[in-house]
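Asks: What follows is run.txt, made up of compact mmCIF, C-alpha atoms:
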```txt
# COMPACT_ATOMS: atom_id res chain seq x y z
CA MET N 1 0.00 0.00 0.00
CA LYS N 2 1.31 3.44 -0.95
CA LYS N 3 2.10 5.74 1.96
CA PRO N 4 0.22 9.04 2.00
CA ASN N 5 2.39 12.00 1.03
CA VAL N 6 2.22 14.88 3.53
CA GLU N 7 4.00 18.18 4.09
CA ILE N 8 4.15 19.44 7.67
CA TYR N 9 5.11 22.98 8.69
CA THR N 10 5.87 23.72 12.34
CA ASP N 11 6.84 26.55 14.64
CA GLY N 12 7.17 27.26 18.34
CA ALA N 13 7.04 30.47 20.35
CA CYS N 14 7.88 31.31 23.93
CA SER N 15 7.80 34.64 25.73
CA PRO N 16 9.74 35.12 27.84
CA ASN N 17 12.04 32.17 27.13
CA PRO N 18 11.64 30.18 29.36
CA GLY N 19 8.04 31.10 30.02
CA THR N 20 4.65 30.59 28.44
CA GLY N 21 5.00 28.72 25.17
CA GLY N 22 2.87 27.97 22.15
CA TRP N 23 3.26 25.83 19.06
CA GLY N 24 1.60 25.70 15.67
CA ALA N 25 1.57 23.19 12.84
CA ILE N 26 0.00 22.86 9.41
CA LEU N 27 -0.44 19.52 7.68
CA VAL N 28 -0.83 19.54 3.89
CA ALA N 29 -2.21 16.32 2.35
CA LEU N 30 -0.54 16.26 -1.05
CA ASP N 31 -2.58 13.27 -2.25
CA HIS N 32 -5.86 15.07 -1.51
CA GLY N 33 -5.63 18.32 -3.44
CA ARG N 34 -3.37 20.01 -0.86
CA GLN N 35 -6.08 19.81 1.82
CA THR N 36 -4.74 21.51 4.99
CA LYS N 37 -5.26 21.06 8.71
CA GLU N 38 -4.08 23.53 11.36
CA LEU N 39 -3.08 22.52 14.89
CA SER N 40 -1.90 24.53 17.89
CA GLY N 41 -1.38 24.30 21.62
CA GLY N 42 0.86 25.44 24.39
CA GLU N 43 2.15 25.15 27.94
CA ARG N 44 2.56 27.57 30.81
CA ASP N 45 6.13 26.62 31.76
CA SER N 46 8.13 25.88 28.65
CA THR N 47 10.92 26.96 26.33
CA ASN N 48 11.08 27.87 22.67
CA ASN N 49 12.90 24.62 21.88
CA ARG N 50 10.29 22.50 23.69
CA MET N 51 7.56 24.22 21.68
CA GLU N 52 9.40 23.57 18.41
CA LEU N 53 9.58 19.87 19.31
CA MET N 54 5.94 19.75 20.46
CA ALA N 55 4.76 21.18 17.14
CA ALA N 56 6.48 18.35 15.28
CA ILE N 57 5.26 15.70 17.73
CA ARG N 58 1.61 16.77 17.66
CA ALA N 59 1.58 17.07 13.87
CA LEU N 60 3.12 13.62 13.39
CA GLN N 61 0.76 12.09 15.97
CA THR N 62 -2.18 13.41 13.94
CA LEU N 63 -1.31 11.21 10.95
CA LYS N 64 -3.63 8.21 10.85
CA GLN N 65 -1.17 5.84 9.17
CA PRO N 66 2.55 5.64 8.35
CA SER N 67 3.20 8.41 5.86
CA LYS N 68 5.88 9.92 3.65
CA VAL N 69 6.48 13.30 5.30
CA THR N 70 8.49 16.38 4.46
CA LEU N 71 8.64 18.34 7.71
CA TYR N 72 9.58 22.02 7.40
CA THR N 73 10.85 23.80 10.49
CA ASP N 74 12.65 27.06 11.18
CA SER N 75 14.38 25.34 14.11
CA GLN N 76 17.96 24.31 13.37
CA TYR N 77 17.87 22.54 16.75
CA LEU N 78 15.08 20.23 15.58
CA ARG N 79 16.33 19.63 12.06
CA ASN N 80 19.99 19.17 12.94
CA ALA N 81 19.25 16.61 15.64
CA PHE N 82 18.01 14.32 12.85
CA THR N 83 20.21 15.38 9.95
CA GLN N 84 23.55 15.94 11.71
CA GLY N 85 23.62 12.76 13.81
CA TRP N 86 23.02 14.47 17.15
CA LEU N 87 20.37 11.96 18.22
CA GLU N 88 22.58 8.97 17.47
CA ASN N 89 25.40 10.53 19.49
CA TRP N 90 23.13 11.41 22.42
CA GLN N 91 21.75 7.88 22.56
CA ARG N 92 25.21 6.32 22.27
CA ASN N 93 26.36 8.57 25.14
CA GLY N 94 23.45 7.60 27.42
CA TRP N 95 21.49 10.78 26.61
CA ARG N 96 24.47 12.99 27.42
CA THR N 97 25.84 15.80 25.27
CA ALA N 98 29.42 15.93 24.09
CA ALA N 99 30.04 18.06 27.21
CA LYS N 100 28.68 15.14 29.32
CA LYS N 101 25.60 17.12 30.40
CA PRO N 102 22.08 15.65 30.24
CA VAL N 103 20.36 16.25 26.89
CA ALA N 104 17.66 18.89 27.24
CA ASN N 105 14.15 17.74 26.31
CA GLU N 106 15.06 14.04 26.37
CA ASP N 107 11.39 13.10 26.85
CA LEU N 108 10.38 14.88 23.66
CA TRP N 109 13.34 13.56 21.66
CA ARG N 110 12.39 10.01 22.64
CA GLU N 111 8.83 10.58 21.41
CA LEU N 112 10.11 12.08 18.16
CA LEU N 113 12.34 9.06 17.61
CA LYS N 114 9.31 6.76 17.90
CA LEU N 115 7.42 8.87 15.37
CA ASP N 116 10.45 9.06 13.07
CA ALA N 117 10.58 5.25 13.05
CA LEU N 118 6.89 5.05 12.13
CA HIS N 119 6.98 7.54 9.25
CA THR N 120 9.45 8.25 6.44
CA ILE N 121 10.47 11.81 7.28
CA ARG N 122 12.64 14.26 5.40
CA TRP N 123 13.61 17.09 7.79
CA GLU N 124 13.90 20.46 6.03
CA TRP N 125 14.85 23.90 7.33
CA VAL N 126 13.00 27.03 6.25
CA MET N 127 14.09 30.51 7.28
CA GLY N 128 11.71 31.92 9.87
CA HIS N 129 10.04 35.31 9.48
CA ALA N 130 11.03 35.40 5.81
CA GLY N 131 7.56 35.54 4.26
CA HIS N 132 6.98 31.81 3.72
CA GLU N 133 3.18 31.49 3.85
CA TYR N 134 2.92 28.31 5.94
CA ASN N 135 5.81 29.17 8.25
CA GLU N 136 4.30 32.60 8.92
CA ARG N 137 0.91 31.01 9.65
CA CYS N 138 2.51 28.50 12.04
CA ASP N 139 4.14 31.39 13.87
CA GLN N 140 0.74 33.10 14.17
CA LEU N 141 -0.82 29.89 15.52
CA ALA N 142 1.99 29.47 18.07
CA VAL N 143 1.77 33.08 19.28
CA GLN N 144 -2.06 32.89 19.51
CA ALA N 145 -1.84 29.67 21.55
CA ARG N 146 0.73 31.25 23.90
CA ARG N 147 -1.41 34.37 24.37
CA LYS N 148 -4.51 32.27 25.04
CA ILE N 149 -2.70 30.55 27.93
CA ASP N 150 -1.50 33.91 29.30
CA ARG N 151 -5.07 35.27 29.26
CA ARG N 152 -6.34 32.33 31.32
CA ASN N 153 -4.18 33.30 34.30
```
So that I can check it, write out the structure of this file as structure tokens.
Replies:
Amino acid sequence: MKKPNVEIYTDGACSPNPGTGGWGAILVALDHGRQTKELSGGERDSTNNRMELMAAIRALQTLKQPSKVTLYTDSQYLRNAFTQGWLENWQRNGWRTAAKKPVANEDLWRELLKLDALHTIRWEWVMGHAGHEYNERCDQLAVQARRKIDRRN
């Protein structure tokens, strides 16, 4: 059976950092006339990097079956972990960095590894705040989610 072909765009926001965070994601179903779905959420006590990871996690969890995914992020932290071998090194070193410190966000990285094993993902970087339609919309979703949490308290 052919895997569905999906583009995912993600972004995270946190203000201050650390502080209240929000994330946004857009899924584009390429096999269904570029049908889109927007997702967003947030957390009171977070960081920008955690929100970047959460956007990818929640978007990938939304997929109903193993898919062929191109995931676009403006986070070098997220993309490089997969494309530059950081995750392999962290796992080999018992979830320690090269400086022997615990890897930040280990819980989220472990979840992303599970999702990466389920789907065929190509991790792509897109420059943030550079006018890319979907990246700009993800930023809006992330900021709106963060502000919604701030208004509740």
Asks: Pick out the closest residue to Lys114 of chain N from this set: N:Gly21, N:Pro66, N:Pro16, N:Gly41. Count only C-alpha atoms.
Replies: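 Selected residue with least distance to Lys114 of chain N: N:Pro66.
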Asks: Compile the contact shell of Arg152 of chain N as a list in words: residues with an atom at most 12 Å away, counting only C-alpha atoms, same-chain residues fewer than 6 positions apart removed.
Replies: Thr20, Glu43, Arg44, Ala145 and Arg146 of chain N
Asks: Restricting the calculation to all atoms listed in the file, which member of N:Thr97, N:Ser40, N:Asn17, N:Thr73 is positioned closest to Ile149 of chain N?
Replies: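 Counting all atoms listed in the file, the residue closest to Ile149 of chain N is N:Ser40.
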Asks: Quick one: of N:Ser67, N:Thr62, N:Ser15, N:Asn93, who's nearest to Asp45 of chain N, counting only C-alpha atoms?
Replies: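 The answer is N:Ser15, which sits nearest to Asp45 of chain N.
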Asks: Distance atom CA of Gln61 of chain N-atom CA of Leu115 of chain N, one decimal place?
Replies: 7.4 Å
Asks: Could you please determine the separation between atom CA of His119 of chain N and atom CA of Lys3 of chain N in Å, to one decimal place?
Replies: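 A separation of 9.0 Å between them.
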Asks: Within 6 Å of segment 132-143 of chain N, counting only C-alpha atoms, which residues show up once you throw out same-chain ones fewer than 4 positions away? Write them as a VMD selection string, please.
Replies: chain N and resid 10 to 13 22 to 25 40
Asks: I want to know what sits within 9 Å of segment 85-89 of chain N, based on all atoms listed in the file, with residues of the same chain fewer than 6 positions away left out; could you give that as a PyMOL selection string?
Replies: chain N and resi 95-98+109+113
Asks: Adding 3 Å on each side of the box along x, y and z that holds all listed atoms of segment 78-89 of chain N, could you give its centre and edge lengths in Å to one decimal, as JSON?
Replies:
```
{"center_x": 20.2, "center_y": 14.6, "center_z": 14.7, "size_x": 16.3, "size_y": 17.3, "size_z": 15.5}
```
Asks: Hey, what's within 12 Å of Leu60 of chain N if we count all atoms listed in the file and toss same-chain stuff fewer than 5 positions away? As a ChimeraX atom specification, please?
Replies: /N:6-10,25-28,39,53-55,65-71,111-121
Asks: Work out how far apart atom CA of Lys37 of chain N and atom CA of Lys64 of chain N are and give it in Å to one decimal.
Replies: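 Computing the Euclidean distance for atom CA of Lys37 of chain N and atom CA of Lys64 of chain N yields 13.1 Å.
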Asks: Using all atoms listed in the file, which of the listed residues (N:Arg50, N:Arg122, N:Lys2, N:Arg58) sits closest to Asp31 of chain N?
Replies: N:Lys2
Asks: Choose the residue, out of N:Gln91, N:Tyr72, N:Met51, N:Arg79, that has the smallest atom-to-atom separation from Leu108 of chain N; count all atoms listed in the file.
Replies: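 With all atoms listed in the file as the atom set, the closest residue is N:Met51.
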Asks: Between N:Val103, N:Trp90, N:Trp125, N:Ala29, which one has atoms that come closest to Leu78 of chain N, using all atoms listed in the file?
Replies: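 Result for the nearest residue to Leu78 of chain N: N:Trp125.
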Asks: Within 10 Å of Thr83 of chain N, counting all atoms listed in the file, which residues qualify if same-chain residues fewer than 6 places away don't, as an mmCIF file with C-alpha atoms, in the coordinates of the input?
Replies:
```cif
data_model
loop_
_atom_site.group_PDB
_atom_site.id
_atom_site.type_symbol
_atom_site.label_atom_id
_atom_site.label_comp_id
_atom_site.auth_asym_id
_atom_site.auth_seq_id
_atom_site.Cartn_x
_atom_site.Cartn_y
_atom_site.Cartn_z
ATOM 1 C CA GLN N 76 17.960 24.310 13.370
ATOM 2 C CA ARG N 122 12.640 14.260 5.400
ATOM 3 C CA TRP N 123 13.610 17.090 7.790
ATOM 4 C CA GLU N 124 13.900 20.460 6.030
#
```
Asks: How would segment 56-80 of chain N look with N, CA and C atoms restored, written as an mmCIF file, in the frame of the given file?
Replies:
```cif
data_model
loop_
_atom_site.group_PDB
_atom_site.id
_atom_site.type_symbol
_atom_site.label_atom_id
_atom_site.label_comp_id
_atom_site.auth_asym_id
_atom_site.auth_seq_id
_atom_site.Cartn_x
_atom_site.Cartn_y
_atom_site.Cartn_z
ATOM 1 N N ALA N 56 6.192 19.503 16.131
ATOM 2 C CA ALA N 56 6.480 18.350 15.280
ATOM 3 C C ALA N 56 5.796 17.092 15.814
ATOM 4 N N ILE N 57 5.876 16.884 17.119
ATOM 5 C CA ILE N 57 5.260 15.700 17.730
ATOM 6 C C ILE N 57 3.758 15.670 17.476
ATOM 7 N N ARG N 58 3.075 16.752 17.796
ATOM 8 C CA ARG N 58 1.610 16.770 17.660
ATOM 9 C C ARG N 58 1.189 16.624 16.194
ATOM 10 N N ALA N 59 1.927 17.217 15.285
ATOM 11 C CA ALA N 59 1.580 17.070 13.870
ATOM 12 C C ALA N 59 1.763 15.627 13.419
ATOM 13 N N LEU N 60 2.871 15.008 13.786
ATOM 14 C CA LEU N 60 3.120 13.620 13.390
ATOM 15 C C LEU N 60 2.133 12.659 14.045
ATOM 16 N N GLN N 61 1.741 12.942 15.274
ATOM 17 C CA GLN N 61 0.760 12.090 15.970
ATOM 18 C C GLN N 61 -0.614 12.170 15.306
ATOM 19 N N THR N 62 -0.894 13.232 14.596
ATOM 20 C CA THR N 62 -2.180 13.410 13.940
ATOM 21 C C THR N 62 -2.345 12.489 12.733
ATOM 22 N N LEU N 63 -1.238 12.071 12.131
ATOM 23 C CA LEU N 63 -1.310 11.210 10.950
ATOM 24 C C LEU N 63 -1.919 9.867 11.318
ATOM 25 N N LYS N 64 -2.875 9.416 10.532
ATOM 26 C CA LYS N 64 -3.630 8.210 10.850
ATOM 27 C C LYS N 64 -2.935 6.922 10.440
ATOM 28 N N GLN N 65 -1.899 7.019 9.609
ATOM 29 C CA GLN N 65 -1.170 5.840 9.170
ATOM 30 C C GLN N 65 0.259 6.253 8.816
ATOM 31 N N PRO N 66 1.181 5.298 8.740
ATOM 32 C CA PRO N 66 2.550 5.640 8.350
ATOM 33 C C PRO N 66 2.535 6.410 7.028
ATOM 34 N N SER N 67 3.255 7.507 7.003
ATOM 35 C CA SER N 67 3.200 8.410 5.860
ATOM 36 C C SER N 67 4.597 8.817 5.413
ATOM 37 N N LYS N 68 4.663 9.312 4.183
ATOM 38 C CA LYS N 68 5.880 9.920 3.650
ATOM 39 C C LYS N 68 5.750 11.415 3.928
ATOM 40 N N VAL N 69 6.622 11.938 4.784
ATOM 41 C CA VAL N 69 6.480 13.300 5.300
ATOM 42 C C VAL N 69 7.704 14.147 4.938
ATOM 43 N N THR N 70 7.449 15.356 4.504
ATOM 44 C CA THR N 70 8.490 16.380 4.460
ATOM 45 C C THR N 70 8.101 17.370 5.542
ATOM 46 N N LEU N 71 8.932 17.463 6.582
ATOM 47 C CA LEU N 71 8.640 18.340 7.710
ATOM 48 C C LEU N 71 9.525 19.571 7.620
ATOM 49 N N TYR N 72 8.884 20.735 7.502
ATOM 50 C CA TYR N 72 9.580 22.020 7.400
ATOM 51 C C TYR N 72 9.551 22.715 8.755
ATOM 52 N N THR N 73 10.716 23.119 9.203
ATOM 53 C CA THR N 73 10.850 23.800 10.490
ATOM 54 C C THR N 73 11.836 24.942 10.349
ATOM 55 N N ASP N 74 11.643 25.995 11.136
ATOM 56 C CA ASP N 74 12.650 27.060 11.180
ATOM 57 C C ASP N 74 13.610 26.843 12.347
ATOM 58 N N SER N 75 13.520 25.679 12.967
ATOM 59 C CA SER N 75 14.380 25.340 14.110
ATOM 60 C C SER N 75 15.565 24.482 13.649
ATOM 61 N N GLN N 76 16.747 25.076 13.667
ATOM 62 C CA GLN N 76 17.960 24.310 13.370
ATOM 63 C C GLN N 76 18.149 23.209 14.413
ATOM 64 N N TYR N 77 17.778 23.506 15.648
ATOM 65 C CA TYR N 77 17.870 22.540 16.750
ATOM 66 C C TYR N 77 17.115 21.258 16.406
ATOM 67 N N LEU N 78 15.891 21.390 15.935
ATOM 68 C CA LEU N 78 15.080 20.230 15.580
ATOM 69 C C LEU N 78 15.645 19.524 14.342
ATOM 70 N N ARG N 79 15.864 20.255 13.293
ATOM 71 C CA ARG N 79 16.330 19.630 12.060
ATOM 72 C C ARG N 79 17.693 18.983 12.226
ATOM 73 N N ASN N 80 18.627 19.692 12.829
ATOM 74 C CA ASN N 80 19.990 19.170 12.940
ATOM 75 C C ASN N 80 20.094 17.930 13.808
#
```
